[in-house]
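Undergrad: Contents of coords.cif (mmCIF, C-alpha atoms) are below:
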```
data_entry
#
loop_
_atom_site.label_atom_id
_atom_site.label_comp_id
_atom_site.auth_asym_id
_atom_site.auth_seq_id
_atom_site.Cartn_x
_atom_site.Cartn_y
_atom_site.Cartn_z
CA MET A 1 -32.48 -4.79 16.06
CA ALA A 2 -34.70 -3.59 18.89
CA ALA A 3 -33.76 -6.65 20.93
CA LEU A 4 -30.08 -5.98 20.32
CA ALA A 5 -30.43 -2.43 21.61
CA GLU A 6 -32.30 -3.66 24.67
CA ARG A 7 -29.63 -6.26 25.41
CA ILE A 8 -26.91 -3.61 25.24
CA ARG A 9 -28.90 -1.41 27.56
CA GLY A 10 -29.03 -4.36 29.93
CA GLY A 11 -25.22 -4.66 29.96
CA ASP A 12 -24.87 -7.66 27.62
CA GLY A 13 -21.26 -7.64 26.35
CA ALA A 14 -21.99 -10.18 23.61
CA ALA A 15 -24.65 -7.85 22.26
CA GLU A 16 -22.08 -5.07 22.04
CA GLU A 17 -19.79 -7.32 20.04
CA GLU A 18 -22.69 -8.16 17.77
CA LEU A 19 -23.44 -4.48 17.24
CA VAL A 20 -19.83 -3.68 16.37
CA ALA A 21 -19.54 -6.69 14.06
CA ARG A 22 -22.62 -5.56 12.21
CA PHE A 23 -22.02 -1.82 11.91
CA GLN A 24 -18.36 -0.89 12.32
CA ARG A 25 -17.40 -1.98 8.83
CA ARG A 26 -20.38 -0.10 7.36
CA VAL A 27 -19.35 3.09 9.13
CA PHE A 28 -15.76 2.60 7.99
CA VAL A 29 -16.83 2.27 4.34
CA MET A 30 -19.08 5.31 4.64
CA ALA A 31 -16.26 7.36 6.17
CA LEU A 32 -13.78 6.14 3.58
CA VAL A 33 -16.02 7.12 0.69
CA ARG A 34 -16.45 10.58 2.19
CA THR A 35 -12.92 11.28 3.42
CA HIS A 36 -10.78 9.18 1.02
CA ASN A 37 -8.42 8.41 3.87
CA GLN A 38 -8.19 4.99 5.50
CA GLU A 39 -6.69 6.11 8.80
CA THR A 40 -9.23 8.88 9.19
CA ALA A 41 -12.03 6.49 8.27
CA ARG A 42 -10.88 4.00 10.92
CA ASP A 43 -10.79 6.75 13.55
CA LEU A 44 -14.22 8.04 12.58
CA ALA A 45 -15.69 4.53 12.63
CA GLN A 46 -14.34 3.93 16.12
CA GLU A 47 -15.57 7.30 17.30
CA THR A 48 -19.02 6.57 15.90
CA MET A 49 -19.26 3.12 17.46
CA LEU A 50 -18.11 4.43 20.80
CA GLY A 51 -20.76 7.14 20.68
CA VAL A 52 -23.47 4.67 19.72
CA LEU A 53 -22.48 2.21 22.45
CA CYS A 54 -22.43 4.92 25.09
CA SER A 55 -25.90 6.07 24.02
CA LEU A 56 -27.28 2.56 24.03
CA ARG A 57 -25.78 1.73 27.41
CA ALA A 58 -27.37 4.87 28.81
CA GLY A 59 -30.70 4.04 27.19
CA ARG A 60 -30.78 7.25 25.18
CA LEU A 61 -32.18 5.56 22.05
CA ARG A 62 -35.94 5.48 22.55
CA GLU A 63 -37.04 4.01 19.22
CA THR A 64 -34.88 0.91 19.45
CA GLU A 65 -36.35 -0.55 16.26
CA ARG A 66 -34.60 2.25 14.40
CA LEU A 67 -31.13 1.13 15.46
CA SER A 68 -29.69 1.00 11.90
CA ALA A 69 -30.92 4.51 11.18
CA TYR A 70 -29.52 5.67 14.51
CA VAL A 71 -26.05 4.31 13.77
CA HIS A 72 -26.18 5.82 10.29
CA GLY A 73 -27.26 9.19 11.65
CA THR A 74 -24.54 9.16 14.29
CA ALA A 75 -21.95 8.28 11.67
CA ARG A 76 -23.17 11.08 9.41
CA ASN A 77 -22.90 13.59 12.25
CA VAL A 78 -19.41 12.44 13.24
CA ILE A 79 -18.13 12.49 9.65
CA ASN A 80 -19.77 15.80 8.74
CA ASN A 81 -18.38 17.37 11.89
CA PHE A 82 -14.92 16.17 10.93
CA LEU A 83 -15.29 17.47 7.39
CA ARG A 84 -16.58 20.84 8.58
CA THR A 85 -13.92 21.50 11.11
CA ARG A 86 -11.07 19.48 9.59
CA ARG A 87 -9.64 19.29 13.02
CA LEU A 88 -7.92 16.14 14.11
CA ARG A 89 -9.51 14.04 16.77
CA PRO A 90 -7.98 14.69 20.16
CA GLU A 91 -4.98 12.52 20.79
CA ALA A 92 -4.85 9.94 23.56
CA VAL A 93 -8.50 9.00 23.54
CA PRO A 94 -8.17 5.23 23.31
CA LEU A 95 -11.29 3.14 23.26
CA PRO A 96 -11.96 1.54 26.61
CA ASP A 97 -11.10 -2.13 26.83
CA GLU A 98 -14.68 -3.23 26.88
CA VAL A 99 -15.39 -1.91 23.38
CA PRO A 100 -15.00 -4.89 21.03
CA PHE A 101 -13.40 -4.79 17.60
CA ALA A 102 -14.10 -6.56 14.34
CA GLY A 103 -12.55 -10.01 14.32
CA ASP A 104 -10.43 -12.19 12.07
CA ASP A 105 -13.40 -13.43 10.07
CA GLU A 106 -13.87 -9.99 8.55
CA GLU A 107 -10.19 -9.73 7.64
CA ARG A 108 -10.24 -13.17 6.05
CA GLU A 109 -13.31 -12.24 4.05
CA ARG A 110 -11.67 -9.07 2.73
CA THR A 111 -8.63 -11.07 1.63
CA GLU A 112 -10.93 -13.47 -0.17
CA HIS A 113 -12.69 -10.53 -1.82
CA GLU A 114 -9.36 -9.19 -3.08
CA PHE A 115 -8.36 -12.55 -4.49
CA LEU A 116 -11.68 -12.94 -6.26
CA ALA A 117 -11.54 -9.35 -7.52
CA ARG A 118 -8.29 -10.16 -9.31
CA ARG A 119 -9.87 -13.26 -10.76
CA ALA A 120 -12.99 -11.32 -11.78
CA LEU A 121 -10.92 -8.74 -13.65
CA SER A 122 -8.98 -11.47 -15.44
CA THR A 123 -12.23 -12.76 -16.94
CA LEU A 124 -13.08 -9.42 -18.55
CA ALA A 125 -12.06 -8.14 -21.97
CA SER A 126 -9.40 -5.45 -21.84
CA GLY A 127 -11.82 -2.81 -23.08
CA ASP A 128 -14.36 -3.69 -20.40
CA ARG A 129 -11.67 -3.49 -17.71
CA LEU A 130 -10.80 -0.05 -18.99
CA ILE A 131 -14.44 1.05 -18.83
CA LEU A 132 -14.67 -0.18 -15.23
CA LEU A 133 -11.43 1.61 -14.36
CA LEU A 134 -12.70 4.88 -15.81
CA THR A 135 -16.04 4.43 -14.01
CA LEU A 136 -15.11 3.17 -10.55
CA VAL A 137 -11.67 4.70 -10.10
CA GLU A 138 -11.71 7.83 -12.22
CA GLY A 139 -15.37 8.59 -11.58
CA LEU A 140 -16.13 9.39 -15.21
CA LYS A 141 -19.71 9.30 -16.47
CA PRO A 142 -20.69 7.12 -19.45
CA GLY A 143 -20.82 10.16 -21.74
CA GLU A 144 -17.29 11.17 -20.79
CA ILE A 145 -15.98 7.64 -21.28
CA ALA A 146 -17.79 7.43 -24.59
CA ALA A 147 -16.13 10.62 -25.79
CA ARG A 148 -12.72 9.36 -24.75
CA LEU A 149 -13.07 5.92 -26.35
CA GLY A 150 -15.05 6.93 -29.40
CA LEU A 151 -18.11 4.90 -28.42
CA SER A 152 -21.73 5.84 -27.89
CA SER A 153 -22.91 6.43 -24.32
CA GLU A 154 -25.36 3.58 -24.70
CA VAL A 155 -22.62 1.14 -25.64
CA VAL A 156 -20.53 2.26 -22.65
CA ARG A 157 -23.53 1.79 -20.32
CA LYS A 158 -24.20 -1.70 -21.65
CA ARG A 159 -20.59 -2.78 -21.47
CA LYS A 160 -20.21 -1.36 -17.98
CA SER A 161 -23.35 -3.14 -16.75
CA ARG A 162 -22.25 -6.38 -18.35
CA ALA A 163 -18.77 -6.13 -16.85
CA VAL A 164 -20.12 -5.31 -13.38
CA GLU A 165 -22.53 -8.23 -13.50
CA ARG A 166 -19.82 -10.62 -14.64
CA ALA A 167 -17.52 -9.40 -11.86
CA ARG A 168 -20.38 -9.77 -9.38
CA SER A 169 -20.90 -13.37 -10.43
CA VAL A 170 -17.23 -14.18 -9.69
CA LEU A 171 -17.19 -12.15 -6.48
CA GLY A 172 -20.41 -13.86 -5.40
CA LYS A 173 -18.34 -16.92 -4.58
CA VAL A 174 -17.09 -15.32 -1.36
CA SER A 175 -17.81 -17.85 1.36
CA ARG A 176 -19.46 -15.61 3.93
CA SER A 177 -21.38 -13.16 1.70
CA MET B 1 -35.46 2.31 -1.12
CA ASP B 2 -35.43 -1.45 -1.71
CA CYS B 3 -32.83 -3.91 -2.97
CA GLY B 4 -34.34 -4.07 -6.45
CA ARG B 5 -34.10 -0.32 -6.90
CA VAL B 6 -30.55 -0.31 -5.55
CA ARG B 7 -29.45 -2.94 -8.05
CA ALA B 8 -31.40 -1.60 -11.04
CA GLY B 9 -30.27 1.95 -10.38
CA GLY B 10 -26.61 1.04 -10.07
CA PHE B 11 -26.45 2.81 -6.70
CA ALA B 12 -23.40 0.87 -5.48
CA GLU B 13 -21.34 1.76 -8.56
CA SER B 14 -22.45 5.40 -8.48
CA TYR B 15 -21.72 5.63 -4.75
CA LEU B 16 -18.17 4.35 -5.13
CA ALA B 17 -17.60 6.61 -8.12
CA GLY B 18 -18.72 9.63 -6.06
CA ASP B 19 -21.54 10.18 -8.50
CA LEU B 20 -24.54 10.39 -6.15
CA ASP B 21 -25.91 13.67 -4.90
CA GLU B 22 -26.15 14.14 -1.13
CA ALA B 23 -29.75 12.97 -0.91
CA GLY B 24 -29.08 9.87 -2.99
CA ARG B 25 -25.97 9.09 -0.97
CA ASP B 26 -27.83 9.39 2.35
CA GLU B 27 -30.66 7.25 1.06
CA TYR B 28 -28.33 4.54 -0.21
CA GLU B 29 -26.26 4.56 3.00
CA GLY B 30 -29.43 4.29 5.06
CA HIS B 31 -30.34 1.23 3.01
CA TYR B 32 -27.03 -0.61 3.25
CA PHE B 33 -26.80 0.06 6.99
CA ALA B 34 -29.94 -2.06 7.33
CA CYS B 35 -29.45 -4.52 4.46
CA THR B 36 -26.88 -7.33 4.71
CA ALA B 37 -27.14 -8.34 1.05
CA CYS B 38 -26.64 -4.84 -0.34
CA PHE B 39 -23.70 -4.15 1.97
CA ALA B 40 -22.09 -7.43 0.89
CA ASP B 41 -22.54 -6.33 -2.72
CA LEU B 42 -20.96 -2.96 -1.95
CA GLU B 43 -17.97 -4.68 -0.36
CA LYS B 44 -17.49 -6.80 -3.46
CA LEU B 45 -17.51 -3.74 -5.70
CA ARG B 46 -15.08 -2.00 -3.33
CA ALA B 47 -12.70 -4.91 -3.73
CA LEU B 48 -13.10 -4.61 -7.48
CA GLN B 49 -12.45 -0.87 -7.30
CA THR B 50 -9.29 -1.45 -5.25
CA GLU B 51 -8.03 -4.04 -7.68
CA LEU B 52 -8.77 -1.77 -10.65
CA ALA B 53 -6.74 1.01 -9.05
CA ARG B 54 -3.87 -1.35 -8.33
CA SER B 55 -3.89 -2.63 -11.91
CA ARG B 56 -4.35 0.76 -13.56
CA ALA B 57 -1.12 0.80 -15.55
CA ARG B 58 -1.61 -2.73 -16.85
CA ILE B 59 -5.25 -2.13 -17.78
CA GLU B 60 -4.38 1.00 -19.74
CA ALA B 61 -1.49 -0.74 -21.47
CA ASP B 62 -3.66 -3.76 -22.34
CA ALA B 63 -6.38 -1.55 -23.76
CA ALA B 64 -3.89 0.42 -25.84
CA ALA B 65 -2.30 -2.78 -27.18
CA ALA B 66 -5.55 -4.62 -27.89
CA PRO B 67 -6.31 -5.84 -31.46
CA PRO B 68 -7.35 -3.10 -33.88
CA GLN B 69 -11.02 -2.35 -33.56
CA PRO B 70 -12.23 1.12 -34.45
CA TRP B 71 -12.77 2.32 -30.89
CA ARG B 72 -9.50 0.78 -29.75
CA TRP B 73 -7.59 2.71 -32.37
CA ARG B 74 -9.14 5.81 -30.94
CA TRP B 75 -8.07 4.74 -27.45
CA ALA B 76 -4.57 4.04 -28.74
CA ALA B 77 -4.49 7.52 -30.22
CA ALA B 78 -5.65 8.96 -26.91
CA ALA B 79 -3.01 6.93 -25.07
CA ALA B 80 -0.36 8.20 -27.49
CA ALA B 81 -1.50 11.74 -26.84
CA SER B 82 -1.26 11.07 -23.10
CA LEU B 83 2.25 9.73 -23.53
CA ALA B 84 3.16 12.91 -25.35
CA VAL B 85 1.85 14.91 -22.42
CA VAL B 86 3.78 12.72 -19.97
CA ALA B 87 6.89 13.34 -22.04
CA GLY B 88 6.12 17.04 -21.74
CA ALA B 89 5.72 16.61 -18.00
CA VAL B 90 9.12 14.92 -17.76
CA TRP B 91 10.57 17.86 -19.62
CA GLN B 92 8.73 20.08 -17.19
CA LEU B 93 10.65 18.48 -14.33
CA ALA B 94 13.87 20.14 -15.41
CA PRO B 95 14.95 22.70 -12.79
CA ARG B 96 13.45 25.96 -13.96
CA PRO B 97 10.61 28.30 -12.94
CA LEU B 98 7.17 26.77 -12.79
CA VAL B 99 5.16 27.16 -15.96
CA GLU B 100 1.94 25.43 -16.72
CA THR B 101 1.37 25.26 -20.41
CA GLN B 102 0.59 21.55 -20.69
CA PRO B 103 -2.93 20.67 -21.82
CA PRO B 104 -4.85 18.41 -19.46
CA ALA B 105 -4.07 14.74 -19.94
CA TRP B 106 -6.69 13.27 -17.68
CA ARG B 107 -10.20 14.45 -17.05
CA GLY B 108 -12.05 14.34 -13.77
CA PRO B 109 -15.72 13.50 -13.41
CA SER B 110 -17.06 16.90 -14.17
CA ALA B 111 -14.24 19.17 -15.25
CA ALA B 112 -10.99 19.20 -17.16
CA ALA B 113 -7.97 17.94 -15.27
CA PHE B 114 -6.03 20.78 -13.73
CA PRO B 115 -2.29 21.11 -14.28
CA VAL B 116 0.15 20.13 -11.59
CA ALA B 117 3.91 20.62 -11.54
CA VAL B 118 6.28 18.19 -9.87
CA GLU B 119 9.89 19.12 -9.26
CA PRO B 120 12.72 17.32 -7.48
CA ARG B 121 13.93 19.00 -4.30
CA VAL B 122 17.59 19.67 -3.74
CA SER B 123 17.37 17.89 -0.40
CA GLY B 124 15.61 14.92 -1.97
CA GLY B 125 11.93 14.19 -2.37
CA LEU B 126 9.49 16.11 -4.51
CA SER B 127 7.78 19.47 -4.61
CA VAL B 128 4.20 19.26 -5.90
CA THR B 129 2.49 22.51 -6.87
CA TRP B 130 -0.82 23.43 -8.48
CA ARG B 131 -3.23 26.35 -8.70
CA GLU B 132 -6.08 26.71 -6.24
CA GLN B 133 -9.26 25.18 -7.61
CA ALA B 134 -12.75 26.66 -7.37
CA HIS B 135 -14.90 25.09 -4.60
CA ALA B 136 -11.92 23.19 -3.22
CA THR B 137 -11.18 23.38 0.50
CA THR B 138 -8.71 20.52 0.71
CA TYR B 139 -6.42 18.67 -1.63
CA ILE B 140 -5.15 15.11 -1.54
CA VAL B 141 -1.78 14.37 -3.12
CA LYS B 142 -1.50 10.74 -4.18
CA ILE B 143 1.62 9.07 -5.49
CA PHE B 144 1.56 5.68 -7.19
CA THR B 145 4.19 3.34 -8.51
CA SER B 146 4.08 2.80 -12.26
CA ASP B 147 2.08 -0.40 -11.72
CA GLY B 148 -0.61 1.46 -9.84
CA VAL B 149 0.24 0.77 -6.19
CA ARG B 150 -0.36 3.81 -4.00
CA VAL B 151 2.74 4.57 -1.94
CA PHE B 152 1.92 8.02 -0.59
CA GLU B 153 -1.18 10.01 0.29
CA ARG B 154 -1.39 13.28 2.18
CA GLN B 155 -4.06 15.95 2.65
CA THR B 156 -3.28 19.65 2.57
CA ARG B 157 -5.17 22.90 2.43
CA GLN B 158 -2.44 24.69 0.52
CA PRO B 159 -1.95 24.33 -3.24
CA GLU B 160 1.45 22.81 -2.71
CA LEU B 161 3.09 19.97 -0.85
CA LEU B 162 6.67 19.02 -0.13
CA VAL B 163 7.12 15.27 -0.10
CA ALA B 164 10.14 14.12 1.87
CA ALA B 165 12.45 11.61 0.24
CA GLY B 166 11.90 9.29 3.16
CA SER B 167 8.18 9.11 2.34
CA LEU B 168 8.86 7.60 -1.08
CA PRO B 169 10.33 4.30 -2.24
CA ALA B 170 14.05 4.38 -2.99
CA PRO B 171 14.55 5.50 -6.62
CA LEU B 172 16.34 2.34 -7.68
CA ALA B 173 13.81 0.07 -6.00
CA GLY B 174 10.70 2.02 -6.87
CA GLY B 175 11.20 2.95 -10.53
CA ALA B 176 8.99 5.70 -11.92
CA LEU B 177 6.26 7.28 -9.82
CA VAL B 178 2.99 8.85 -10.89
CA VAL B 179 1.60 11.89 -9.07
CA ARG B 180 -1.99 13.05 -8.97
CA VAL B 181 -3.81 15.67 -6.91
CA GLU B 182 -7.51 15.54 -6.02
CA ALA B 183 -9.43 18.67 -5.01
CA LEU B 184 -12.14 18.10 -2.38
CA ASP B 185 -15.03 20.41 -1.56
CA ALA B 186 -16.23 21.26 1.95
CA MET B 187 -18.20 18.01 2.15
CA GLY B 188 -15.23 15.90 1.14
CA GLN B 189 -16.49 15.24 -2.37
CA VAL B 190 -14.04 15.21 -5.25
CA ALA B 191 -14.43 18.57 -7.02
CA GLY B 192 -11.63 18.00 -9.52
CA ARG B 193 -8.60 15.93 -10.35
CA SER B 194 -5.24 16.92 -11.71
CA GLU B 195 -3.52 15.45 -14.70
CA LEU B 196 -1.19 12.52 -14.04
CA ILE B 197 2.49 13.37 -13.87
CA GLU B 198 5.08 10.65 -14.25
CA VAL B 199 8.32 11.14 -12.34
CA PRO B 200 11.19 9.00 -13.65
CA ALA B 201 13.44 7.44 -11.02
CA GLU B 202 16.43 9.51 -12.15
CA ARG B 203 14.56 12.75 -11.37
CA ARG B 204 14.21 12.10 -7.64
#
```
Turn this file's structure into structure tokens for me.
TA:
Amino acid sequence: MAALAERIRGGDGAAEEELVARFQRRVFVMALVRTHNQETARDLAQETMLGVLCSLRAGRLRETERLSAYVHGTARNVINNFLRTRRLRPEAVPLPDEVPFAGDDEERERTEHEFLARRALSTLASGDRLILLLTLVEGLKPGEIAARLGLSSEVVRKRKSRAVERARSVLGKVSRS
Amino acid sequence: MDCGRVRAGGFAESYLAGDLDEAGRDEYEGHYFACTACFADLEKLRALQTELARSRARIEADAAAAPPQPWRWRWAAAAAASLAVVAGAVWQLAPRPLVETQPPAWRGPSAAAFPVAVEPRVSGGLSVTWREQAHATTYIVKIFTSDGVRVFERQTRQPELLVAAGSLPAPLAGGALVVRVEALDAMGQVAGRSELIEVPAERR
């Protein structure tokens, strides 16, 4: 990571692409979890990566070995600032041409994930699918699911863990993971 | 934080479910920013979460129709109760003053689902109204097709939203829609969810 930061500081365009390929998707997921809005999350991810690249180009990151933490911290600041102010990002601030974007490989991998997710769900019992739905989509805790389904919390926890692990084993077949 | 603790503690599942406190969320994010394996695992679970949301209606129907085991009978009873509430909601769509006497049909992570009223607009589209929720600074109105595909999402600070007809699938093509409102706190965390309201095609 430190070498990557140093290469960017030295004007290496390939290093910038490497940085974006590694972190932009992470920032997008983080922003999506916090804002629940895909368009906003994309904007915040781009804003974060632009800020990080500008800092690295200017050599403002002194502890270059802490690059991951730096990107995370920048993303947190950008997202929290958005959430605090709720103001829209200024219009007409396109990224400069030299800022690279995630490529086709990432898109292909997501498509593969979606396909395997459907397959993973098809291997689960209907009750286990329901428990996953209530957990991952509705955000219910095991106790709440247990009360709704007439099960004990322990049974819900075990079935949820089993279902997640089974899904993971199917999803683990993604080619580039 | 290390990968073993992340996996054993179910951090990825809790993160996606919005179930981590701020410190836990920061710690987990800091880990997956640096860890390729744990971020790949998070992406897989995100795909699973997306597919679960898309398949919501079918999953609920399958669970309600599953062979009779004791807990499934209870689920079937709960589903029947939900259907009764949906029927009540359809009745509620008749043009008349807003009243909210329906019991919650769907519970959020930490509180009972709050009521929401959906009415057709004379000019087309829908009017979605609810009461302000404690700790909420923003609301997200989400509209799904009956098979769980999200077709509309909009944030608002007011406890109401007018959805233009042009923002929704054509009634004949789209069939019934399901409306839900999420209340977010100042940090963007889900502070509460509304009940689900089904809007038949003939009502819009």
Undergrad: Report the closest atom pair, with its distance in Å rounded to one decimal, for each residue of chain A that has an atom no farther than 7 Å from chain B; count all atoms listed in the file, sort by chain and then rising residue number, and write it as a tab-separated table.
TA:
```
residue	atom	partner	partner_atom	distance
A:Arg26	CA	B:Phe33	CA	6.4
A:Val33	CA	B:Leu16	CA	6.8
A:Arg34	CA	B:Gly188	CA	5.6
A:Thr35	CA	B:Gly188	CA	5.6
A:Ser68	CA	B:Ala34	CA	5.5
A:Ala69	CA	B:Gly30	CA	6.3
A:His72	CA	B:Gly30	CA	6.3
A:Leu83	CA	B:Met187	CA	6.0
A:Arg84	CA	B:Ala186	CA	6.7
A:His113	CA	B:Ala47	CA	5.9
A:Glu114	CA	B:Ala47	CA	5.5
A:Ala117	CA	B:Leu48	CA	5.0
A:Arg118	CA	B:Glu51	CA	6.3
A:Ser126	CA	B:Ala63	CA	5.3
A:Gly127	CA	B:Ala63	CA	5.6
A:Arg129	CA	B:Ile59	CA	6.6
A:Leu130	CA	B:Ile59	CA	6.0
A:Leu133	CA	B:Leu52	CA	5.7
A:Thr135	CA	B:Ala17	CA	6.5
A:Leu136	CA	B:Ala17	CA	4.9
A:Val137	CA	B:Ala53	CA	6.2
A:Glu138	CA	B:Gly108	CA	6.7
A:Gly139	CA	B:Ala17	CA	4.6
A:Leu140	CA	B:Pro109	CA	4.5
A:Lys141	CA	B:Pro109	CA	6.6
A:Leu149	CA	B:Trp75	CA	5.3
A:Gly150	CA	B:Trp71	CA	5.4
A:Leu151	CA	B:Trp71	CA	6.4
A:Leu171	CA	B:Lys44	CA	6.2
A:Ser177	CA	B:Ala40	CA	5.8
```
Undergrad: For the file shown, report as a list of chain:residue names the outcome of the PyMOL selection byres ((chain B and resi 120-125) around 6) at residue level.
TA: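 Output of the PyMOL selection byres ((chain B and resi 120-125) around 6): B:Glu119, B:Leu126, B:Val163, B:Ala164, B:Ala165, B:Arg204.
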Undergrad: Please save C-alpha atoms of the selected residues as a PDB file, in the coordinates of the input.
TA:
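Just written: again.pdb:
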```pdb
ATOM      1  CA  GLU B 119       9.890  19.120  -9.260  1.00  0.00           C
ATOM      2  CA  LEU B 126       9.490  16.110  -4.510  1.00  0.00           C
ATOM      3  CA  VAL B 163       7.120  15.270  -0.100  1.00  0.00           C
ATOM      4  CA  ALA B 164      10.140  14.120   1.870  1.00  0.00           C
ATOM      5  CA  ALA B 165      12.450  11.610   0.240  1.00  0.00           C
ATOM      6  CA  ARG B 204      14.210  12.100  -7.640  1.00  0.00           C
TER       7      ARG B 204
END
```
Undergrad: Mind checking which residues fall within 8 Å of range 154-162 of chain A, counting only C-alpha atoms, ignoring those fewer than 2 positions away in the same chain, and posting them as a list in words?
TA: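 The residues that qualify are Asp128, Ile131, Leu132, Pro142, Gly143, Ile145, Ala146, Leu151, Ser152, Val164, Glu165 and Arg166 of chain A.
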Undergrad: For Val141 in chain B, which residue out of B:Ala183, B:Ala170, B:Leu177, B:Ala113 is the nearest one, using all atoms listed in the file?
TA: B:Ala183
Undergrad: Please compute the CA of Phe28 in chain A-CA of Thr48 in chain A distance, one decimal, in Å.
TA: 9.4 Å
Undergrad: Quick one: of A:Glu65, A:Glu144, A:Glu18, A:Asp43, who's nearest to Ala31 in chain A, counting all atoms listed in the file?
TA: A:Asp43
Undergrad: Identify the residues within 8 Å of coordinate (-34.4, -3.2, 0.3) (same frame as the file), considering only C-alpha atoms, and give the answer as a PyMOL selection string.
TA: chain B and resi 1-6+31+35+38
Undergrad: Using C-alpha atoms, can you export the residues from the last selection as a JSON list (two decimals), in the coordinates of the input?
TA:
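Generated file (out-v8.json):
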```json
[["chain", "number", "residue", "atom", "x", "y", "z"],
["B", 1, "MET", "CA", -35.46, 2.31, -1.12],
["B", 2, "ASP", "CA", -35.43, -1.45, -1.71],
["B", 3, "CYS", "CA", -32.83, -3.91, -2.97],
["B", 4, "GLY", "CA", -34.34, -4.07, -6.45],
["B", 5, "ARG", "CA", -34.10, -0.32, -6.90],
["B", 6, "VAL", "CA", -30.55, -0.31, -5.55],
["B", 31, "HIS", "CA", -30.34, 1.23, 3.01],
["B", 35, "CYS", "CA", -29.45, -4.52, 4.46],
["B", 38, "CYS", "CA", -26.64, -4.84, -0.34]]
```
Undergrad: Provide the CA of Thr156 in chain B to CA of Gly24 in chain B distance in Å, to one decimal place.
TA: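 Here the two named atoms are 28.1 Å from each other.
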Undergrad: Decode the PyMOL selection byres ((chain B and resi 145) around 9) for the given file into explicit residues and return them as a PyMOL selection string.
TA: chain B and resi 143-144+146-151+169+174-179
Undergrad: From the options A:Arg9, A:His36, A:Val20, A:Ala15, which residue's atoms come nearest to Cys54 in chain A, counting only C-alpha atoms?
TA: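 The closest residue to Cys54 in chain A is A:Arg9.
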Undergrad: Step by step, work through what the PyMOL selection byres ((chain A and resi 4-8) around 9) selects in the shown file, and finish by giving those residues as a list of chain:residue names.
TA: A:Met1, A:Ala2, A:Ala3, A:Arg9, A:Gly10, A:Gly11, A:Asp12, A:Gly13, A:Ala14, A:Ala15, A:Glu16, A:Glu18, A:Leu19, A:Leu53, A:Leu56, A:Arg57, A:Gly59, A:Leu61, A:Thr64, A:Glu65, A:Leu67
Undergrad: Selection from above, C-alpha atoms, as a PDB file, in the coordinates of the input, can you write it?
TA:
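The resulting file, out03.pdb, is reproduced below:
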```pdb
ATOM      1  CA  MET A   1     -32.480  -4.790  16.060  1.00  0.00           C
ATOM      2  CA  ALA A   2     -34.700  -3.590  18.890  1.00  0.00           C
ATOM      3  CA  ALA A   3     -33.760  -6.650  20.930  1.00  0.00           C
ATOM      4  CA  ARG A   9     -28.900  -1.410  27.560  1.00  0.00           C
ATOM      5  CA  GLY A  10     -29.030  -4.360  29.930  1.00  0.00           C
ATOM      6  CA  GLY A  11     -25.220  -4.660  29.960  1.00  0.00           C
ATOM      7  CA  ASP A  12     -24.870  -7.660  27.620  1.00  0.00           C
ATOM      8  CA  GLY A  13     -21.260  -7.640  26.350  1.00  0.00           C
ATOM      9  CA  ALA A  14     -21.990 -10.180  23.610  1.00  0.00           C
ATOM     10  CA  ALA A  15     -24.650  -7.850  22.260  1.00  0.00           C
ATOM     11  CA  GLU A  16     -22.080  -5.070  22.040  1.00  0.00           C
ATOM     12  CA  GLU A  18     -22.690  -8.160  17.770  1.00  0.00           C
ATOM     13  CA  LEU A  19     -23.440  -4.480  17.240  1.00  0.00           C
ATOM     14  CA  LEU A  53     -22.480   2.210  22.450  1.00  0.00           C
ATOM     15  CA  LEU A  56     -27.280   2.560  24.030  1.00  0.00           C
ATOM     16  CA  ARG A  57     -25.780   1.730  27.410  1.00  0.00           C
ATOM     17  CA  GLY A  59     -30.700   4.040  27.190  1.00  0.00           C
ATOM     18  CA  LEU A  61     -32.180   5.560  22.050  1.00  0.00           C
ATOM     19  CA  THR A  64     -34.880   0.910  19.450  1.00  0.00           C
ATOM     20  CA  GLU A  65     -36.350  -0.550  16.260  1.00  0.00           C
ATOM     21  CA  LEU A  67     -31.130   1.130  15.460  1.00  0.00           C
TER      22      LEU A  67
END
```
Undergrad: Quick check, in Å to one decimal: how far apart do CA of Ser55 in chain A and CA of Thr74 in chain A lie?
TA: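 CA of Ser55 in chain A sits 10.3 Å away from CA of Thr74 in chain A.
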